[in-house]
$ cat input.cif   # mmCIF, N, CA and C atoms
data_work
#
loop_
_atom_site.label_atom_id
_atom_site.label_comp_id
_atom_site.auth_asym_id
_atom_site.auth_seq_id
_atom_site.Cartn_x
_atom_site.Cartn_y
_atom_site.Cartn_z
N MET A 17 190.98 -108.06 85.99
CA MET A 17 189.70 -108.53 86.44
C MET A 17 188.63 -107.87 85.58
N ASN A 18 187.73 -108.64 85.08
CA ASN A 18 186.68 -108.07 84.23
C ASN A 18 185.47 -107.64 85.08
N PRO A 19 184.60 -106.82 84.51
CA PRO A 19 183.46 -106.30 85.27
C PRO A 19 182.54 -107.40 85.84
N ASP A 20 182.37 -108.50 85.12
CA ASP A 20 181.50 -109.57 85.63
C ASP A 20 182.08 -110.21 86.88
N THR A 21 183.38 -110.41 86.91
CA THR A 21 184.03 -110.98 88.08
C THR A 21 183.91 -110.02 89.27
N ILE A 22 184.14 -108.75 89.01
CA ILE A 22 184.00 -107.74 90.06
C ILE A 22 182.56 -107.71 90.56
N ARG A 23 181.61 -107.76 89.64
CA ARG A 23 180.19 -107.73 90.01
C ARG A 23 179.84 -108.90 90.94
N LYS A 24 180.36 -110.09 90.65
CA LYS A 24 180.10 -111.26 91.50
C LYS A 24 180.67 -111.06 92.89
N LYS A 25 181.87 -110.50 92.95
CA LYS A 25 182.51 -110.28 94.26
C LYS A 25 181.76 -109.22 95.06
N VAL A 26 181.31 -108.17 94.39
CA VAL A 26 180.56 -107.12 95.08
C VAL A 26 179.23 -107.68 95.57
N LYS A 27 178.57 -108.50 94.78
CA LYS A 27 177.31 -109.13 95.20
C LYS A 27 177.53 -110.01 96.43
N ALA A 28 178.65 -110.71 96.48
CA ALA A 28 178.95 -111.55 97.64
C ALA A 28 179.14 -110.69 98.88
N ILE A 29 179.83 -109.58 98.73
CA ILE A 29 180.04 -108.66 99.86
C ILE A 29 178.71 -108.03 100.26
N GLU A 30 177.91 -107.67 99.28
CA GLU A 30 176.61 -107.05 99.54
C GLU A 30 175.70 -108.00 100.33
N SER A 31 175.81 -109.28 100.06
CA SER A 31 174.97 -110.25 100.77
C SER A 31 175.33 -110.35 102.25
N GLU A 32 176.55 -109.95 102.61
CA GLU A 32 176.97 -109.97 104.01
C GLU A 32 176.51 -108.73 104.77
N ARG A 33 175.95 -107.76 104.08
CA ARG A 33 175.47 -106.53 104.72
C ARG A 33 174.43 -106.85 105.78
N GLU A 34 173.58 -107.81 105.50
CA GLU A 34 172.52 -108.18 106.44
C GLU A 34 173.11 -108.62 107.79
N PHE A 35 174.26 -109.27 107.76
CA PHE A 35 174.93 -109.67 109.00
C PHE A 35 175.25 -108.44 109.85
N LEU A 36 175.76 -107.39 109.20
CA LEU A 36 176.07 -106.16 109.93
C LEU A 36 174.82 -105.52 110.52
N VAL A 37 173.72 -105.57 109.77
CA VAL A 37 172.46 -105.01 110.27
C VAL A 37 171.99 -105.79 111.49
N GLN A 38 172.09 -107.11 111.43
CA GLN A 38 171.70 -107.93 112.58
C GLN A 38 172.60 -107.65 113.78
N LEU A 39 173.88 -107.48 113.52
CA LEU A 39 174.83 -107.18 114.58
C LEU A 39 174.49 -105.84 115.24
N LEU A 40 174.10 -104.89 114.43
CA LEU A 40 173.75 -103.56 114.94
C LEU A 40 172.56 -103.63 115.89
N ASN A 41 171.66 -104.57 115.68
CA ASN A 41 170.46 -104.70 116.50
C ASN A 41 170.70 -105.40 117.84
N LYS A 42 171.90 -105.87 118.08
CA LYS A 42 172.21 -106.53 119.35
C LYS A 42 172.34 -105.47 120.45
N PRO A 43 171.64 -105.66 121.55
CA PRO A 43 171.64 -104.64 122.61
C PRO A 43 172.96 -104.53 123.37
N ASP A 44 173.78 -105.56 123.35
CA ASP A 44 175.02 -105.55 124.12
C ASP A 44 176.24 -105.12 123.31
N LEU A 45 176.02 -104.48 122.19
CA LEU A 45 177.11 -104.09 121.30
C LEU A 45 177.91 -102.90 121.87
N GLY A 46 177.23 -102.06 122.60
CA GLY A 46 177.91 -100.92 123.22
C GLY A 46 178.46 -99.94 122.21
N ILE A 47 179.66 -99.45 122.48
CA ILE A 47 180.29 -98.42 121.65
C ILE A 47 180.67 -98.96 120.26
N LEU A 48 180.76 -100.27 120.13
CA LEU A 48 181.07 -100.84 118.82
C LEU A 48 179.97 -100.59 117.80
N SER A 49 178.78 -100.22 118.28
CA SER A 49 177.68 -99.93 117.35
C SER A 49 178.05 -98.78 116.42
N ILE A 50 178.88 -97.85 116.89
CA ILE A 50 179.33 -96.74 116.05
C ILE A 50 180.13 -97.27 114.86
N ASP A 51 181.02 -98.21 115.13
CA ASP A 51 181.84 -98.79 114.05
C ASP A 51 180.99 -99.60 113.08
N VAL A 52 180.01 -100.31 113.60
CA VAL A 52 179.15 -101.12 112.74
C VAL A 52 178.31 -100.21 111.84
N LYS A 53 177.77 -99.13 112.41
CA LYS A 53 177.00 -98.17 111.62
C LYS A 53 177.86 -97.58 110.50
N GLN A 54 179.09 -97.23 110.85
CA GLN A 54 179.99 -96.66 109.85
C GLN A 54 180.31 -97.68 108.76
N ALA A 55 180.51 -98.92 109.14
CA ALA A 55 180.79 -99.97 108.16
C ALA A 55 179.62 -100.14 107.19
N ILE A 56 178.40 -100.10 107.72
CA ILE A 56 177.21 -100.22 106.86
C ILE A 56 177.14 -99.04 105.91
N GLU A 57 177.36 -97.83 106.42
CA GLU A 57 177.31 -96.63 105.58
C GLU A 57 178.36 -96.69 104.47
N GLU A 58 179.57 -97.08 104.81
CA GLU A 58 180.63 -97.16 103.81
C GLU A 58 180.36 -98.26 102.80
N LEU A 59 179.83 -99.36 103.25
CA LEU A 59 179.47 -100.44 102.33
C LEU A 59 178.40 -99.98 101.36
N ASP A 60 177.39 -99.28 101.87
CA ASP A 60 176.34 -98.75 101.00
C ASP A 60 176.90 -97.78 99.96
N GLU A 61 177.84 -96.93 100.39
CA GLU A 61 178.46 -95.99 99.45
C GLU A 61 179.24 -96.72 98.37
N LEU A 62 180.00 -97.73 98.77
CA LEU A 62 180.78 -98.49 97.79
C LEU A 62 179.87 -99.21 96.79
N ILE A 63 178.79 -99.76 97.27
CA ILE A 63 177.86 -100.46 96.38
C ILE A 63 177.23 -99.46 95.41
N ASP A 64 176.83 -98.28 95.92
CA ASP A 64 176.26 -97.26 95.04
C ASP A 64 177.25 -96.81 93.97
N GLU A 65 178.50 -96.60 94.38
CA GLU A 65 179.52 -96.18 93.42
C GLU A 65 179.78 -97.28 92.39
N PHE A 66 179.80 -98.52 92.83
CA PHE A 66 180.01 -99.62 91.91
C PHE A 66 178.88 -99.68 90.89
N GLU A 67 177.63 -99.58 91.38
CA GLU A 67 176.49 -99.66 90.47
C GLU A 67 176.47 -98.49 89.49
N PHE A 68 176.96 -97.33 89.92
CA PHE A 68 177.05 -96.18 89.03
C PHE A 68 178.11 -96.42 87.96
N THR A 69 179.24 -96.98 88.37
CA THR A 69 180.37 -97.21 87.46
C THR A 69 180.10 -98.37 86.51
N PHE A 70 179.49 -99.43 87.04
CA PHE A 70 179.19 -100.62 86.24
C PHE A 70 177.71 -100.92 86.30
N PRO A 71 176.88 -100.17 85.56
CA PRO A 71 175.44 -100.40 85.62
C PRO A 71 175.09 -101.82 85.12
N GLU A 72 173.99 -102.35 85.68
CA GLU A 72 173.52 -103.68 85.28
C GLU A 72 173.23 -103.70 83.78
N LYS A 73 173.61 -104.80 83.17
CA LYS A 73 173.28 -104.98 81.74
C LYS A 73 171.82 -105.37 81.64
N THR A 74 171.10 -104.72 80.75
CA THR A 74 169.69 -105.08 80.55
C THR A 74 169.43 -105.42 79.12
#
$ encode --input "input.cif" --output "structure tokens"
Amino acid sequence: MNPDTIRKKVKAIESEREFLVQLLNKPDLGILSIDVKQAIEELDELIDEFEFTFPEKT
């Protein structure tokens, strides 16, 4: 897999982050909010690591 293909897949995953944020704002989530928060944190870490490893071409 080349970096451009990986970049497209990461961007697709990154676009779904907003869904997790919206889910976190639901008042009836209960204890699952802990898992959603962790998922957002881990997703942010993965995106940061990806951007560090494969910086945008300018």
$ atom_distance --input "input.cif" --atom1 "atom C of A:Arg23" --atom2 "atom CA of A:Leu59"
14.2 Å
$ residues_around --input "input.cif" --residues "A:Asn41" --least-positions-apart "5" --cutoff "12 Å" --atoms "only C-alpha atoms" --output "list of chain:residue names"
A:Glu34, A:Phe35, A:Leu36, A:Gly46, A:Leu48, A:Ser49, A:Ile50, A:Val52, A:Lys53
$ write_last_selection --input "input.cif" --atoms "N, CA and C atoms" --output "compact mmCIF listing (two decimals), in the frame of the given file"
# COMPACT_ATOMS: atom_id res chain seq x y z
N GLU A 34 173.58 -107.81 105.50
CA GLU A 34 172.52 -108.18 106.44
C GLU A 34 173.11 -108.62 107.79
N PHE A 35 174.26 -109.27 107.76
CA PHE A 35 174.93 -109.67 109.00
C PHE A 35 175.25 -108.44 109.85
N LEU A 36 175.76 -107.39 109.20
CA LEU A 36 176.07 -106.16 109.93
C LEU A 36 174.82 -105.52 110.52
N GLY A 46 177.23 -102.06 122.60
CA GLY A 46 177.91 -100.92 123.22
C GLY A 46 178.46 -99.94 122.21
N LEU A 48 180.76 -100.27 120.13
CA LEU A 48 181.07 -100.84 118.82
C LEU A 48 179.97 -100.59 117.80
N SER A 49 178.78 -100.22 118.28
CA SER A 49 177.68 -99.93 117.35
C SER A 49 178.05 -98.78 116.42
N ILE A 50 178.88 -97.85 116.89
CA ILE A 50 179.33 -96.74 116.05
C ILE A 50 180.13 -97.27 114.86
N VAL A 52 180.01 -100.31 113.60
CA VAL A 52 179.15 -101.12 112.74
C VAL A 52 178.31 -100.21 111.84
N LYS A 53 177.77 -99.13 112.41
CA LYS A 53 177.00 -98.17 111.62
C LYS A 53 177.86 -97.58 110.50
$ atom_distance --input "input.cif" --atom1 "atom CA of A:Phe66" --atom2 "atom CA of A:Asp20"
11.9 Å
$ select_by_dssp --input "input.cif" --residues "chain A" --states "alpha helix (DSSP H)" --output "ChimeraX atom specification"
/A:19-31,33-40,48-69
$ atom_distance --input "input.cif" --atom1 "atom CA of A:Ile56" --atom2 "atom CA of A:Thr21"
22.7 Å
$ residues_around --input "input.cif" --residues "A:Ile63" --least-positions-apart "5" --cutoff "12 Å" --atoms "only C-alpha atoms" --output "PyMOL selection string"
chain A and resi 22-23+25-31+33+56-58+68-71
$ closest_residue --input "input.cif" --among "A:Asp64, A:Lys24, A:Asp51, A:Glu72" --to "A:Val37" --atoms "only C-alpha atoms"
A:Asp51
$ decode --input "input.cif" --residues "stretch 18-46 of chain A" --atoms "N, CA, C and O atoms" --output "PDB file, in the first residue's frame"
ATOM      1  N   ASN A  18       0.620   2.149  -0.869  1.00  0.00           N
ATOM      2  CA  ASN A  18       1.452   3.348  -0.935  1.00  0.00           C
ATOM      3  C   ASN A  18       0.910   4.438   0.003  1.00  0.00           C
ATOM      4  O   ASN A  18      -0.237   4.374   0.444  1.00  0.00           O
ATOM      5  N   PRO A  19       1.725   5.436   0.304  1.00  0.00           N
ATOM      6  CA  PRO A  19       1.308   6.481   1.250  1.00  0.00           C
ATOM      7  C   PRO A  19       0.034   7.223   0.833  1.00  0.00           C
ATOM      8  O   PRO A  19      -0.766   7.606   1.684  1.00  0.00           O
ATOM      9  N   ASP A  20      -0.181   7.432  -0.457  1.00  0.00           N
ATOM     10  CA  ASP A  20      -1.386   8.137  -0.894  1.00  0.00           C
ATOM     11  C   ASP A  20      -2.646   7.328  -0.598  1.00  0.00           C
ATOM     12  O   ASP A  20      -3.666   7.887  -0.182  1.00  0.00           O
ATOM     13  N   THR A  21      -2.586   6.030  -0.796  1.00  0.00           N
ATOM     14  CA  THR A  21      -3.724   5.168  -0.491  1.00  0.00           C
ATOM     15  C   THR A  21      -4.000   5.170   1.011  1.00  0.00           C
ATOM     16  O   THR A  21      -5.152   5.286   1.438  1.00  0.00           O
ATOM     17  N   ILE A  22      -2.947   5.069   1.794  1.00  0.00           N
ATOM     18  CA  ILE A  22      -3.101   5.103   3.247  1.00  0.00           C
ATOM     19  C   ILE A  22      -3.675   6.451   3.670  1.00  0.00           C
ATOM     20  O   ILE A  22      -4.566   6.514   4.525  1.00  0.00           O
ATOM     21  N   ARG A  23      -3.182   7.528   3.079  1.00  0.00           N
ATOM     22  CA  ARG A  23      -3.666   8.875   3.415  1.00  0.00           C
ATOM     23  C   ARG A  23      -5.169   8.992   3.151  1.00  0.00           C
ATOM     24  O   ARG A  23      -5.918   9.538   3.973  1.00  0.00           O
ATOM     25  N   LYS A  24      -5.643   8.452   2.034  1.00  0.00           N
ATOM     26  CA  LYS A  24      -7.074   8.499   1.717  1.00  0.00           C
ATOM     27  C   LYS A  24      -7.885   7.728   2.746  1.00  0.00           C
ATOM     28  O   LYS A  24      -8.950   8.177   3.173  1.00  0.00           O
ATOM     29  N   LYS A  25      -7.384   6.575   3.146  1.00  0.00           N
ATOM     30  CA  LYS A  25      -8.104   5.762   4.131  1.00  0.00           C
ATOM     31  C   LYS A  25      -8.128   6.441   5.496  1.00  0.00           C
ATOM     32  O   LYS A  25      -9.145   6.413   6.191  1.00  0.00           O
ATOM     33  N   VAL A  26      -7.024   7.057   5.878  1.00  0.00           N
ATOM     34  CA  VAL A  26      -6.976   7.766   7.156  1.00  0.00           C
ATOM     35  C   VAL A  26      -7.920   8.962   7.123  1.00  0.00           C
ATOM     36  O   VAL A  26      -8.624   9.235   8.101  1.00  0.00           O
ATOM     37  N   LYS A  27      -7.972   9.674   6.020  1.00  0.00           N
ATOM     38  CA  LYS A  27      -8.894  10.814   5.887  1.00  0.00           C
ATOM     39  C   LYS A  27     -10.340  10.352   6.005  1.00  0.00           C
ATOM     40  O   LYS A  27     -11.177  11.038   6.601  1.00  0.00           O
ATOM     41  N   ALA A  28     -10.654   9.189   5.447  1.00  0.00           N
ATOM     42  CA  ALA A  28     -12.014   8.653   5.550  1.00  0.00           C
ATOM     43  C   ALA A  28     -12.347   8.332   7.006  1.00  0.00           C
ATOM     44  O   ALA A  28     -13.451   8.633   7.484  1.00  0.00           O
ATOM     45  N   ILE A  29     -11.406   7.748   7.710  1.00  0.00           N
ATOM     46  CA  ILE A  29     -11.612   7.436   9.129  1.00  0.00           C
ATOM     47  C   ILE A  29     -11.720   8.726   9.935  1.00  0.00           C
ATOM     48  O   ILE A  29     -12.572   8.852  10.817  1.00  0.00           O
ATOM     49  N   GLU A  30     -10.883   9.688   9.609  1.00  0.00           N
ATOM     50  CA  GLU A  30     -10.881  10.965  10.312  1.00  0.00           C
ATOM     51  C   GLU A  30     -12.230  11.682  10.156  1.00  0.00           C
ATOM     52  O   GLU A  30     -12.706  12.331  11.087  1.00  0.00           O
ATOM     53  N   SER A  31     -12.848  11.527   9.008  1.00  0.00           N
ATOM     54  CA  SER A  31     -14.136  12.185   8.773  1.00  0.00           C
ATOM     55  C   SER A  31     -15.238  11.590   9.648  1.00  0.00           C
ATOM     56  O   SER A  31     -16.244  12.243   9.924  1.00  0.00           O
ATOM     57  N   GLU A  32     -15.055  10.360  10.127  1.00  0.00           N
ATOM     58  CA  GLU A  32     -16.041   9.726  10.991  1.00  0.00           C
ATOM     59  C   GLU A  32     -15.875  10.142  12.459  1.00  0.00           C
ATOM     60  O   GLU A  32     -16.719   9.824  13.300  1.00  0.00           O
ATOM     61  N   ARG A  33     -14.825  10.871  12.769  1.00  0.00           N
ATOM     62  CA  ARG A  33     -14.580  11.321  14.140  1.00  0.00           C
ATOM     63  C   ARG A  33     -15.743  12.167  14.646  1.00  0.00           C
ATOM     64  O   ARG A  33     -16.138  12.079  15.806  1.00  0.00           O
ATOM     65  N   GLU A  34     -16.289  12.979  13.775  1.00  0.00           N
ATOM     66  CA  GLU A  34     -17.402  13.854  14.160  1.00  0.00           C
ATOM     67  C   GLU A  34     -18.593  13.038  14.676  1.00  0.00           C
ATOM     68  O   GLU A  34     -19.295  13.462  15.594  1.00  0.00           O
ATOM     69  N   PHE A  35     -18.811  11.858  14.108  1.00  0.00           N
ATOM     70  CA  PHE A  35     -19.885  10.988  14.582  1.00  0.00           C
ATOM     71  C   PHE A  35     -19.665  10.614  16.048  1.00  0.00           C
ATOM     72  O   PHE A  35     -20.595  10.626  16.859  1.00  0.00           O
ATOM     73  N   LEU A  36     -18.419  10.291  16.395  1.00  0.00           N
ATOM     74  CA  LEU A  36     -18.112   9.948  17.780  1.00  0.00           C
ATOM     75  C   LEU A  36     -18.337  11.138  18.708  1.00  0.00           C
ATOM     76  O   LEU A  36     -18.843  10.972  19.823  1.00  0.00           O
ATOM     77  N   VAL A  37     -17.988  12.326  18.244  1.00  0.00           N
ATOM     78  CA  VAL A  37     -18.197  13.530  19.057  1.00  0.00           C
ATOM     79  C   VAL A  37     -19.688  13.749  19.287  1.00  0.00           C
ATOM     80  O   VAL A  37     -20.120  14.057  20.402  1.00  0.00           O
ATOM     81  N   GLN A  38     -20.487  13.580  18.246  1.00  0.00           N
ATOM     82  CA  GLN A  38     -21.933  13.730  18.391  1.00  0.00           C
ATOM     83  C   GLN A  38     -22.497  12.673  19.332  1.00  0.00           C
ATOM     84  O   GLN A  38     -23.382  12.952  20.144  1.00  0.00           O
ATOM     85  N   LEU A  39     -21.987  11.463  19.230  1.00  0.00           N
ATOM     86  CA  LEU A  39     -22.434  10.380  20.098  1.00  0.00           C
ATOM     87  C   LEU A  39     -22.105  10.703  21.555  1.00  0.00           C
ATOM     88  O   LEU A  39     -22.916  10.455  22.458  1.00  0.00           O
ATOM     89  N   LEU A  40     -20.953  11.283  21.775  1.00  0.00           N
ATOM     90  CA  LEU A  40     -20.525  11.628  23.128  1.00  0.00           C
ATOM     91  C   LEU A  40     -21.459  12.660  23.757  1.00  0.00           C
ATOM     92  O   LEU A  40     -21.641  12.684  24.969  1.00  0.00           O
ATOM     93  N   ASN A  41     -22.066  13.506  22.954  1.00  0.00           N
ATOM     94  CA  ASN A  41     -22.954  14.559  23.453  1.00  0.00           C
ATOM     95  C   ASN A  41     -24.357  14.070  23.779  1.00  0.00           C
ATOM     96  O   ASN A  41     -25.162  14.834  24.298  1.00  0.00           O
ATOM     97  N   LYS A  42     -24.651  12.816  23.520  1.00  0.00           N
ATOM     98  CA  LYS A  42     -25.979  12.271  23.833  1.00  0.00           C
ATOM     99  C   LYS A  42     -26.084  12.046  25.347  1.00  0.00           C
ATOM    100  O   LYS A  42     -25.216  11.406  25.950  1.00  0.00           O
ATOM    101  N   PRO A  43     -27.144  12.551  25.948  1.00  0.00           N
ATOM    102  CA  PRO A  43     -27.264  12.454  27.409  1.00  0.00           C
ATOM    103  C   PRO A  43     -27.544  11.035  27.918  1.00  0.00           C
ATOM    104  O   PRO A  43     -27.248  10.731  29.060  1.00  0.00           O
ATOM    105  N   ASP A  44     -28.070  10.164  27.088  1.00  0.00           N
ATOM    106  CA  ASP A  44     -28.435   8.826  27.537  1.00  0.00           C
ATOM    107  C   ASP A  44     -27.355   7.778  27.268  1.00  0.00           C
ATOM    108  O   ASP A  44     -27.615   6.588  27.309  1.00  0.00           O
ATOM    109  N   LEU A  45     -26.139   8.215  27.033  1.00  0.00           N
ATOM    110  CA  LEU A  45     -25.055   7.297  26.700  1.00  0.00           C
ATOM    111  C   LEU A  45     -24.576   6.505  27.923  1.00  0.00           C
ATOM    112  O   LEU A  45     -24.119   5.376  27.795  1.00  0.00           O
ATOM    113  N   GLY A  46     -24.678   7.112  29.074  1.00  0.00           N
ATOM    114  CA  GLY A  46     -24.294   6.428  30.310  1.00  0.00           C
ATOM    115  C   GLY A  46     -22.813   6.102  30.359  1.00  0.00           C
ATOM    116  O   GLY A  46     -21.960   6.876  29.939  1.00  0.00           O
TER     117      GLY A  46
END
